[in-house]
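entry01.tsv, holding TSV, C-alpha atoms:
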chain	number	residue	atom	x	y	z
A	348	MET	CA	-40.47	-7.92	37.91
A	349	ARG	CA	-37.70	-6.27	35.94
A	350	TYR	CA	-37.28	-8.75	33.04
A	351	ALA	CA	-40.93	-9.65	32.49
A	352	ARG	CA	-41.45	-7.30	29.54
A	353	PRO	CA	-42.27	-9.20	26.33
A	354	ASN	CA	-39.81	-7.22	24.14
A	355	ASP	CA	-36.84	-7.67	26.45
A	356	ARG	CA	-33.99	-9.31	24.50
A	357	ARG	CA	-32.73	-11.20	27.55
A	358	THR	CA	-35.91	-13.27	27.82
A	359	GLY	CA	-35.65	-14.57	24.25
A	360	SER	CA	-39.10	-13.36	23.28
A	361	GLY	CA	-39.77	-10.84	20.55
A	362	SER	CA	-37.77	-10.20	17.38
A	363	ILE	CA	-34.41	-8.60	16.78
A	364	PRO	CA	-34.71	-4.87	16.06
A	365	PRO	CA	-33.82	-3.78	12.49
A	366	GLU	CA	-30.95	-1.54	13.63
A	367	VAL	CA	-29.30	-4.50	15.40
A	368	LEU	CA	-29.66	-6.60	12.24
A	369	TYR	CA	-28.10	-3.75	10.23
A	370	HIS	CA	-25.12	-3.54	12.60
A	371	LEU	CA	-24.69	-7.32	12.51
A	372	GLU	CA	-24.61	-7.25	8.71
A	373	LEU	CA	-22.04	-4.42	8.68
A	374	SER	CA	-19.89	-6.33	11.16
A	375	ARG	CA	-20.09	-9.50	9.04
A	376	GLN	CA	-19.05	-7.61	5.89
A	377	LYS	CA	-16.10	-6.00	7.65
A	378	ALA	CA	-15.02	-9.33	9.16
A	379	GLU	CA	-14.94	-10.97	5.72
A	380	SER	CA	-12.22	-8.58	4.54
A	381	THR	CA	-10.12	-8.96	7.69
A	382	LYS	CA	-7.06	-11.20	7.56
A	383	THR	CA	-6.88	-13.53	10.55
A	384	ARG	CA	-4.44	-15.92	12.14
A	385	GLU	CA	-4.76	-18.74	14.63
A	386	MET	CA	-3.46	-18.73	18.19
A	387	HIS	CA	-2.55	-22.16	19.53
A	388	CYS	CA	-2.13	-23.28	23.12
A	389	PRO	CA	1.56	-23.01	24.12
A	390	MET	CA	1.27	-26.23	26.16
A	391	CYS	CA	-0.45	-28.66	23.78
A	392	GLY	CA	-0.78	-26.83	20.43
A	393	TYR	CA	-4.60	-26.92	20.34
A	394	LEU	CA	-6.36	-24.03	18.56
A	395	VAL	CA	-7.60	-21.64	21.25
A	396	GLN	CA	-8.60	-18.51	19.33
A	397	ILE	CA	-8.63	-16.87	15.90
A	398	ILE	CA	-7.53	-13.23	16.00
A	399	PRO	CA	-7.01	-10.47	13.42
A	400	VAL	CA	-3.48	-10.13	12.07
A	401	THR	CA	-3.31	-6.52	13.25
A	402	GLN	CA	-4.23	-7.28	16.86
A	403	THR	CA	-1.34	-6.60	19.23
A	404	GLU	CA	-3.14	-6.50	22.59
A	405	ILE	CA	-2.96	-9.30	25.13
A	406	VAL	CA	-5.53	-12.07	24.62
A	407	PHE	CA	-6.97	-14.07	27.52
A	408	VAL	CA	-7.55	-17.67	26.46
A	409	LYS	CA	-8.60	-21.02	27.87
A	410	CYS	CA	-7.56	-24.24	26.16
A	411	HIS	CA	-10.41	-26.73	25.99
A	412	LYS	CA	-8.01	-29.65	25.62
A	413	CYS	CA	-5.42	-29.22	28.43
A	414	LYS	CA	-7.32	-26.58	30.48
A	415	PHE	CA	-4.49	-24.00	30.26
A	416	THR	CA	-5.82	-20.58	31.23
A	417	GLY	CA	-3.76	-17.46	30.78
A	418	ALA	CA	-2.87	-14.35	28.87
A	419	LEU	CA	-1.02	-14.59	25.57
A	420	ASP	CA	0.68	-11.75	23.75
A	421	PRO	CA	0.24	-12.25	19.98
A	422	ALA	CA	3.65	-10.65	19.34
A	423	TYR	CA	5.38	-13.54	21.12
A	424	PHE	CA	3.39	-16.27	19.37
A	425	ARG	CA	3.83	-15.36	15.71
A	426	ARG	CA	4.83	-18.04	13.29
A	427	VAL	CA	8.01	-17.25	11.45
A	428	LYS	CA	8.04	-17.89	7.74
A	429	ARG	CA	10.69	-20.48	7.07
A	430	LEU	CA	13.64	-19.78	4.81
A	431	SER	CA	12.53	-22.59	2.50
A	432	ALA	CA	9.45	-20.57	1.52
A	433	TYR	CA	11.67	-17.72	0.35
A	434	ASN	CA	14.00	-20.13	-1.45
A	435	GLU	CA	11.08	-21.58	-3.42
A	436	GLN	CA	10.03	-18.10	-4.53
A	437	LEU	CA	13.60	-17.27	-5.54
A	438	ARG	CA	13.85	-20.49	-7.57
A	439	LYS	CA	10.62	-19.68	-9.41
A	440	TYR	CA	11.81	-16.15	-10.14
A	441	ALA	CA	15.24	-17.36	-11.29
A	442	SER	CA	13.75	-20.00	-13.59
A	443	ARG	CA	11.58	-17.36	-15.27
A	444	LYS	CA	14.61	-15.10	-15.87
A	445	ILE	CA	16.76	-17.87	-17.38
A	446	ARG	CA	14.21	-19.00	-19.95
Would you mind giving the structure from this file in structure tokens?
Amino acid sequence: MRYARPNDRRTGSGSIPPEVLYHLELSRQKAESTKTREMHCPMCGYLVQIIPVTQTEIVFVKCHKCKFTGALDPAYFRRVKRLSAYNEQLRKYASRKIR
């Protein structure tokens, strides 16, 4: 039998090798410094996936709420920063200059 070995990872027996633990730790450290953003379902607005800000490739998602399944391009689903956010920053800057 092919998967009957005791150290086979697919059977759930045995321990995780140290090199795999090392790579998992490196991945976790790198992920902590990565900026992310949320992708929401275009049909119902439910959170479907969290992706890195720099990702530009197509993402295949499935919404668990409305069952929408499809490909989303992150470039088309970016949230635009509203003008009011810039106006608030300008007001703060202007009030510091006047005083």
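Distance check against Val395 of chain A using only C-alpha atoms: of A:Val408, A:Leu437, A:Ala422, A:Ile363, the minimum falls on A:Val408.
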- Residue contacts of Cys391 of chain A (12 Å, only C-alpha atoms) excluding same-chain residues fewer than 4 positions away, as a PyMOL selection string: chain A and resi 386-387+395+409-415
- Item | Atom pair atom CA of Glu372 of chain A / atom CA of Thr401 of chain A: separation (Å) | 21.8 Å
- Suppose you want the space between atom CA of Arg438 of chain A and atom CA of Glu385 of chain A; what is it in Å? 29.0 Å
- Query: So what do you get for atom CA of Cys388 of chain A versus atom CA of Leu419 of chain A, distance-wise?
  - Reply: 9.1 Å
- Rank A:Ile398, A:Ala441, A:Ala418, A:His370 by their smallest atom-to-atom distance to Thr383 of chain A, using all atoms listed in the file, and report the top residue only. A:Ile398
- Query: With distances taken over all atoms listed in the file, which of A:Pro389, A:Asn434, A:Arg443, A:Glu366 is nearest to Asp420 of chain A?
  - Reply: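 Answer, going by the shortest atom-to-atom distance: A:Pro389.
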- Query: Of the candidates A:Ala432, A:Val367, A:Met390, A:Ala378, which shows the shortest atom-to-atom distance to Thr416 of chain A, using all atoms listed in the file?
  - Reply: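 So, comparing all the options, the nearest one is A:Met390.
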